[in-house]
Amino acid sequence: MPQIFKIGSYWVYFWANESEPLEPVHVHVSQGSPNANSTKIWITQTGKCLLCNNKSRIPDGVLRNIMRVIEARSQEIIQKWYSYFGSVEFYC
C-alpha cells in the first residue's frame with residue numbers, strides 16, 4: 001500500500017489495487033499497518049475532507065484532528081494520487 005504519511009500511530013495511505021473504474025481521490029486511515037477495516041475519507045475538489053466511513057472506529061476527536069491534517073495536506077495527497085494512478089477525479 002502506498003503510504004502517504006503518518007499522523008502519530010495512524011497511517012494515511014492508498015490501496016494499490018483501487019477498483020476499476022478508478023474511484024475519486026480518497027485516502028484510507030488505520031492505526032498501524034493497512035487493513036481491510038480502514039477508515040475511508042474522500043478529498044473534494046476544494047481540498048476538504050468528507051468521511052465515507054469509519055470502519056476502523058477511530059475516536060471522534062482523533063478523527064477530527066486527522067481530517068484537519070489531511071485537509072492541510074490535500075494538495076500533496078492529490079499530487080501523489082495523480083503520480084500513482086495517472087488521473088484524478090473528485091467525489092464533489
# chains A, B, ... in the order shown; residues from 1 in each chain; ligands from 1

call {"tool": "residues_around", "arguments": {"residues": "Thr39 (chain A)", "least_positions_apart": "2", "cutoff": "10 Å", "atoms": "only C-alpha atoms", "output": "VMD selection string"}}
result
chain A and resid 12 27 to 31 35 to 37 41 51 to 58 63

call {"tool": "write_last_selection", "arguments": {"atoms": "C-alpha atoms", "output": "PDB file, in the first residue's frame"}}
result
ATOM      1  CA  VAL A  12      -2.715   7.565   5.783  1.00  0.00           C
ATOM      2  CA  VAL A  27      -7.364   8.016   1.454  1.00  0.00           C
ATOM      3  CA  HIS A  28      -7.597   5.184   3.925  1.00  0.00           C
ATOM      4  CA  VAL A  29      -6.603   5.610   7.560  1.00  0.00           C
ATOM      5  CA  SER A  30      -5.847   2.915  10.108  1.00  0.00           C
ATOM      6  CA  GLN A  31      -3.886   2.592  13.281  1.00  0.00           C
ATOM      7  CA  ASN A  35      -6.104  -3.434   6.918  1.00  0.00           C
ATOM      8  CA  ALA A  36      -9.492  -4.180   5.370  1.00  0.00           C
ATOM      9  CA  ASN A  37     -11.356  -2.288   8.114  1.00  0.00           C
ATOM     10  CA  ILE A  41     -12.003   9.760   3.588  1.00  0.00           C
ATOM     11  CA  LEU A  51     -15.910  10.990   5.782  1.00  0.00           C
ATOM     12  CA  CYS A  52     -17.036   7.991   3.742  1.00  0.00           C
ATOM     13  CA  ASN A  53     -16.874   5.522   6.645  1.00  0.00           C
ATOM     14  CA  ASN A  54     -15.114   4.977   9.940  1.00  0.00           C
ATOM     15  CA  LYS A  55     -14.712   1.197   9.803  1.00  0.00           C
ATOM     16  CA  SER A  56     -11.574   1.330  11.940  1.00  0.00           C
ATOM     17  CA  ARG A  57     -13.567   3.109  14.681  1.00  0.00           C
ATOM     18  CA  ILE A  58     -11.176   5.991  15.206  1.00  0.00           C
ATOM     19  CA  LEU A  63     -10.642  11.568  13.652  1.00  0.00           C
TER      20      LEU A  63
END

call {"tool": "residues_around", "arguments": {"residues": "Pro21 (chain A)", "least_positions_apart": "5", "cutoff": "12 Å", "atoms": "only C-alpha atoms", "output": "PDB file with N, CA and C atoms, in the first residue's frame"}}
result
ATOM      1  N   PHE A  85      -1.698   6.881  -9.723  1.00  0.00           N
ATOM      2  CA  PHE A  85      -2.772   6.315 -10.538  1.00  0.00           C
ATOM      3  C   PHE A  85      -2.862   6.909 -11.942  1.00  0.00           C
ATOM      4  N   SER A  87      -4.423   9.641 -13.010  1.00  0.00           N
ATOM      5  CA  SER A  87      -5.578  10.506 -13.276  1.00  0.00           C
ATOM      6  C   SER A  87      -6.200  10.917 -11.937  1.00  0.00           C
ATOM      7  N   VAL A  88      -6.971  11.995 -11.990  1.00  0.00           N
ATOM      8  CA  VAL A  88      -7.611  12.499 -10.770  1.00  0.00           C
ATOM      9  C   VAL A  88      -9.056  12.858 -11.083  1.00  0.00           C
ATOM     10  N   GLU A  89      -9.969  12.327 -10.290  1.00  0.00           N
ATOM     11  CA  GLU A  89     -11.363  12.725 -10.313  1.00  0.00           C
ATOM     12  C   GLU A  89     -11.775  12.951  -8.871  1.00  0.00           C
TER      13      GLU A  89
END

call {"tool": "residues_around", "arguments": {"residues": "Glu76 (chain A)", "least_positions_apart": "6", "cutoff": "10 Å", "atoms": "only C-alpha atoms", "output": "MDAnalysis selection string"}}
result
chainID A and resid 4 70 82

call {"tool": "residues_around", "arguments": {"residues": "His26 (chain A)", "least_positions_apart": "2", "cutoff": "8 Å", "atoms": "only C-alpha atoms", "output": "ChimeraX atom specification"}}
result
/A:14,23-24,28,40-43

call {"tool": "write_last_selection", "arguments": {"atoms": "C-alpha atoms", "output": "mmCIF file, in the first residue's frame"}}
result
data_model
loop_
_atom_site.group_PDB
_atom_site.id
_atom_site.type_symbol
_atom_site.label_atom_id
_atom_site.label_comp_id
_atom_site.auth_asym_id
_atom_site.auth_seq_id
_atom_site.Cartn_x
_atom_site.Cartn_y
_atom_site.Cartn_z
ATOM 1 C CA PHE A 14 -3.950 4.491 -0.796
ATOM 2 C CA GLU A 23 -12.718 5.811 -7.641
ATOM 3 C CA PRO A 24 -12.410 9.543 -6.922
ATOM 4 C CA HIS A 28 -7.597 5.184 3.925
ATOM 5 C CA LYS A 40 -12.121 5.992 4.198
ATOM 6 C CA ILE A 41 -12.003 9.760 3.588
ATOM 7 C CA TRP A 42 -12.846 11.477 0.285
ATOM 8 C CA ILE A 43 -10.855 14.550 -0.796
#

call {"tool": "residues_around", "arguments": {"residues": "Ile66 (chain A)", "least_positions_apart": "5", "cutoff": "9 Å", "atoms": "only C-alpha atoms", "output": "number ranges by chain"}}
result
A: 7, 10, 29, 61, 71

call {"tool": "write_last_selection", "arguments": {"atoms": "N, CA and C atoms", "output": "PDB file, in the first residue's frame"}}
result
ATOM      1  N   ILE A   7       0.334  10.039  10.952  1.00  0.00           N
ATOM      2  CA  ILE A   7      -0.079  11.018  11.955  1.00  0.00           C
ATOM      3  C   ILE A   7      -0.076  10.246  13.274  1.00  0.00           C
ATOM      4  N   TYR A  10      -1.228   6.542  13.346  1.00  0.00           N
ATOM      5  CA  TYR A  10      -2.167   6.314  12.244  1.00  0.00           C
ATOM      6  C   TYR A  10      -1.473   6.462  10.894  1.00  0.00           C
ATOM      7  N   VAL A  29      -7.315   5.334   6.316  1.00  0.00           N
ATOM      8  CA  VAL A  29      -6.603   5.610   7.560  1.00  0.00           C
ATOM      9  C   VAL A  29      -6.819   4.429   8.496  1.00  0.00           C
ATOM     10  N   GLY A  61     -12.761  12.629  18.330  1.00  0.00           N
ATOM     11  CA  GLY A  61     -11.800  13.724  18.479  1.00  0.00           C
ATOM     12  C   GLY A  61     -10.523  13.482  17.694  1.00  0.00           C
ATOM     13  N   GLU A  71      -6.776  17.676   5.345  1.00  0.00           N
ATOM     14  CA  GLU A  71      -7.174  18.883   4.605  1.00  0.00           C
ATOM     15  C   GLU A  71      -5.974  19.800   4.385  1.00  0.00           C
TER      16      GLU A  71
END

call {"tool": "select_by_dssp", "arguments": {"residues": "chain A", "states": "strand (DSSP E or B)", "output": "PyMOL selection string"}}
result
chain A and resi 3-7+10-13+26-31+39-43+49-54

call {"tool": "atom_distance", "arguments": {"atom1": "CA of Arg73 (chain A)", "atom2": "CA of Gly47 (chain A)"}}
result
8.4 Å

call {"tool": "residues_around", "arguments": {"residues": "Ala16 (chain A)", "least_positions_apart": "5", "cutoff": "10 Å", "atoms": "only C-alpha atoms", "output": "list of chain:residue names"}}
result
A:Met1, A:Pro2, A:Gln3, A:Tyr84, A:Phe85

call {"tool": "select_by_dssp", "arguments": {"residues": "chain A", "states": "alpha helix (DSSP H)", "output": "JSON, numbers by chain"}}
result
{"A": [60, 61, 62, 63, 64, 65, 66, 67, 68, 69, 70, 71, 72, 74, 75, 76, 77, 78, 79, 80, 81, 82, 83, 84, 85]}

call {"tool": "write_last_selection", "arguments": {"atoms": "C-alpha atoms", "output": "tab-separated table (two decimals), in the first residue's frame"}}
result
chain	number	residue	atom	x	y	z
A	60	ASP	CA	-14.31	11.21	17.08
A	61	GLY	CA	-11.80	13.72	18.48
A	62	VAL	CA	-8.83	11.90	16.98
A	63	LEU	CA	-10.64	11.57	13.65
A	64	ARG	CA	-11.37	15.32	13.55
A	65	ASN	CA	-7.67	16.05	14.09
A	66	ILE	CA	-6.64	13.54	11.41
A	67	MET	CA	-9.09	15.10	8.96
A	68	ARG	CA	-7.65	18.57	9.69
A	69	VAL	CA	-4.17	17.32	8.83
A	70	ILE	CA	-5.48	15.63	5.66
A	71	GLU	CA	-7.17	18.88	4.60
A	72	ALA	CA	-3.99	20.85	5.26
A	74	SER	CA	-4.74	17.77	0.49
A	75	GLN	CA	-2.69	19.17	-2.42
A	76	GLU	CA	0.13	16.77	-1.55
A	77	ILE	CA	-2.36	13.89	-1.47
A	78	ILE	CA	-3.85	14.86	-4.84
A	79	GLN	CA	-0.38	15.10	-6.40
A	80	LYS	CA	0.60	11.70	-5.01
A	81	TRP	CA	-2.70	10.22	-6.25
A	82	TYR	CA	-2.00	11.53	-9.75
A	83	SER	CA	1.59	10.28	-9.68
A	84	TYR	CA	0.47	6.82	-8.57
A	85	PHE	CA	-2.77	6.32	-10.54

call {"tool": "atom_distance", "arguments": {"atom1": "CA of Tyr13 (chain A)", "atom2": "CA of Pro34 (chain A)"}}
result
7.8 Å

call {"tool": "closest_residue", "arguments": {"among": "A:Glu20, A:Val25, A:Gly86, A:Gly32", "to": "Lys6 (chain A)", "atoms": "only C-alpha atoms"}}
result
A:Gly32

call {"tool": "decode", "arguments": {"residues": "region 3-90 of chain A", "atoms": "C-alpha atoms", "output": "PDB file, in the first residue's frame"}}
result
ATOM      1  CA  GLN A   3       1.796   5.177   2.446  1.00  0.00           C
ATOM      2  CA  ILE A   4       1.319   8.926   2.087  1.00  0.00           C
ATOM      3  CA  PHE A   5       2.261   9.924   5.631  1.00  0.00           C
ATOM      4  CA  LYS A   6       1.733   9.047   9.277  1.00  0.00           C
ATOM      5  CA  ILE A   7      -0.079  11.018  11.955  1.00  0.00           C
ATOM      6  CA  GLY A   8       1.130   9.602  15.246  1.00  0.00           C
ATOM      7  CA  SER A   9       0.307   5.895  15.138  1.00  0.00           C
ATOM      8  CA  TYR A  10      -2.167   6.314  12.244  1.00  0.00           C
ATOM      9  CA  TRP A  11      -1.193   5.553   8.644  1.00  0.00           C
ATOM     10  CA  VAL A  12      -2.715   7.565   5.783  1.00  0.00           C
ATOM     11  CA  TYR A  13      -2.455   5.586   2.539  1.00  0.00           C
ATOM     12  CA  PHE A  14      -3.950   4.491  -0.796  1.00  0.00           C
ATOM     13  CA  TRP A  15      -4.868   0.913  -1.653  1.00  0.00           C
ATOM     14  CA  ALA A  16      -2.637  -0.170  -4.519  1.00  0.00           C
ATOM     15  CA  ASN A  17      -5.496  -2.097  -6.134  1.00  0.00           C
ATOM     16  CA  GLU A  18      -8.252   0.521  -6.190  1.00  0.00           C
ATOM     17  CA  SER A  19     -11.385  -0.586  -8.019  1.00  0.00           C
ATOM     18  CA  GLU A  20     -11.909  -0.318 -11.767  1.00  0.00           C
ATOM     19  CA  PRO A  21     -13.043   2.199 -12.844  1.00  0.00           C
ATOM     20  CA  LEU A  22     -10.825   4.193 -10.510  1.00  0.00           C
ATOM     21  CA  GLU A  23     -12.718   5.811  -7.641  1.00  0.00           C
ATOM     22  CA  PRO A  24     -12.410   9.543  -6.922  1.00  0.00           C
ATOM     23  CA  VAL A  25      -9.469  10.748  -4.798  1.00  0.00           C
ATOM     24  CA  HIS A  26      -9.600   9.338  -1.278  1.00  0.00           C
ATOM     25  CA  VAL A  27      -7.364   8.016   1.454  1.00  0.00           C
ATOM     26  CA  HIS A  28      -7.597   5.184   3.925  1.00  0.00           C
ATOM     27  CA  VAL A  29      -6.603   5.610   7.560  1.00  0.00           C
ATOM     28  CA  SER A  30      -5.847   2.915  10.108  1.00  0.00           C
ATOM     29  CA  GLN A  31      -3.886   2.592  13.281  1.00  0.00           C
ATOM     30  CA  GLY A  32      -0.783   0.624  12.473  1.00  0.00           C
ATOM     31  CA  SER A  33      -0.448  -1.212   9.191  1.00  0.00           C
ATOM     32  CA  PRO A  34      -3.148  -1.121   6.467  1.00  0.00           C
ATOM     33  CA  ASN A  35      -6.104  -3.434   6.918  1.00  0.00           C
ATOM     34  CA  ALA A  36      -9.492  -4.180   5.370  1.00  0.00           C
ATOM     35  CA  ASN A  37     -11.356  -2.288   8.114  1.00  0.00           C
ATOM     36  CA  SER A  38      -9.756   1.070   7.428  1.00  0.00           C
ATOM     37  CA  THR A  39     -11.494   4.430   7.630  1.00  0.00           C
ATOM     38  CA  LYS A  40     -12.121   5.992   4.198  1.00  0.00           C
ATOM     39  CA  ILE A  41     -12.003   9.760   3.588  1.00  0.00           C
ATOM     40  CA  TRP A  42     -12.846  11.477   0.285  1.00  0.00           C
ATOM     41  CA  ILE A  43     -10.855  14.550  -0.796  1.00  0.00           C
ATOM     42  CA  THR A  44     -13.019  17.175  -2.514  1.00  0.00           C
ATOM     43  CA  GLN A  45     -12.009  19.438  -5.375  1.00  0.00           C
ATOM     44  CA  THR A  46     -11.579  22.303  -2.886  1.00  0.00           C
ATOM     45  CA  GLY A  47      -9.298  20.200  -0.664  1.00  0.00           C
ATOM     46  CA  LYS A  48     -11.846  19.499   2.058  1.00  0.00           C
ATOM     47  CA  CYS A  49     -12.495  16.067   3.573  1.00  0.00           C
ATOM     48  CA  LEU A  50     -15.699  14.049   3.581  1.00  0.00           C
ATOM     49  CA  LEU A  51     -15.910  10.990   5.782  1.00  0.00           C
ATOM     50  CA  CYS A  52     -17.036   7.991   3.742  1.00  0.00           C
ATOM     51  CA  ASN A  53     -16.874   5.522   6.645  1.00  0.00           C
ATOM     52  CA  ASN A  54     -15.114   4.977   9.940  1.00  0.00           C
ATOM     53  CA  LYS A  55     -14.712   1.197   9.803  1.00  0.00           C
ATOM     54  CA  SER A  56     -11.574   1.330  11.940  1.00  0.00           C
ATOM     55  CA  ARG A  57     -13.567   3.109  14.681  1.00  0.00           C
ATOM     56  CA  ILE A  58     -11.176   5.991  15.206  1.00  0.00           C
ATOM     57  CA  PRO A  59     -12.444   8.045  18.179  1.00  0.00           C
ATOM     58  CA  ASP A  60     -14.308  11.211  17.078  1.00  0.00           C
ATOM     59  CA  GLY A  61     -11.800  13.724  18.479  1.00  0.00           C
ATOM     60  CA  VAL A  62      -8.833  11.895  16.983  1.00  0.00           C
ATOM     61  CA  LEU A  63     -10.642  11.568  13.652  1.00  0.00           C
ATOM     62  CA  ARG A  64     -11.370  15.318  13.551  1.00  0.00           C
ATOM     63  CA  ASN A  65      -7.667  16.047  14.086  1.00  0.00           C
ATOM     64  CA  ILE A  66      -6.639  13.538  11.414  1.00  0.00           C
ATOM     65  CA  MET A  67      -9.090  15.098   8.961  1.00  0.00           C
ATOM     66  CA  ARG A  68      -7.651  18.572   9.689  1.00  0.00           C
ATOM     67  CA  VAL A  69      -4.173  17.318   8.829  1.00  0.00           C
ATOM     68  CA  ILE A  70      -5.478  15.635   5.665  1.00  0.00           C
ATOM     69  CA  GLU A  71      -7.174  18.883   4.605  1.00  0.00           C
ATOM     70  CA  ALA A  72      -3.987  20.853   5.264  1.00  0.00           C
ATOM     71  CA  ARG A  73      -2.045  18.378   3.113  1.00  0.00           C
ATOM     72  CA  SER A  74      -4.740  17.766   0.487  1.00  0.00           C
ATOM     73  CA  GLN A  75      -2.688  19.168  -2.424  1.00  0.00           C
ATOM     74  CA  GLU A  76       0.135  16.774  -1.555  1.00  0.00           C
ATOM     75  CA  ILE A  77      -2.361  13.885  -1.473  1.00  0.00           C
ATOM     76  CA  ILE A  78      -3.847  14.862  -4.839  1.00  0.00           C
ATOM     77  CA  GLN A  79      -0.377  15.097  -6.399  1.00  0.00           C
ATOM     78  CA  LYS A  80       0.604  11.699  -5.012  1.00  0.00           C
ATOM     79  CA  TRP A  81      -2.702  10.221  -6.250  1.00  0.00           C
ATOM     80  CA  TYR A  82      -2.001  11.530  -9.752  1.00  0.00           C
ATOM     81  CA  SER A  83       1.588  10.280  -9.677  1.00  0.00           C
ATOM     82  CA  TYR A  84       0.474   6.822  -8.574  1.00  0.00           C
ATOM     83  CA  PHE A  85      -2.772   6.315 -10.538  1.00  0.00           C
ATOM     84  CA  GLY A  86      -2.249   8.677 -13.505  1.00  0.00           C
ATOM     85  CA  SER A  87      -5.578  10.506 -13.276  1.00  0.00           C
ATOM     86  CA  VAL A  88      -7.611  12.499 -10.770  1.00  0.00           C
ATOM     87  CA  GLU A  89     -11.363  12.725 -10.313  1.00  0.00           C
ATOM     88  CA  PHE A  90     -13.257  14.113  -7.340  1.00  0.00           C
TER      89      PHE A  90
END
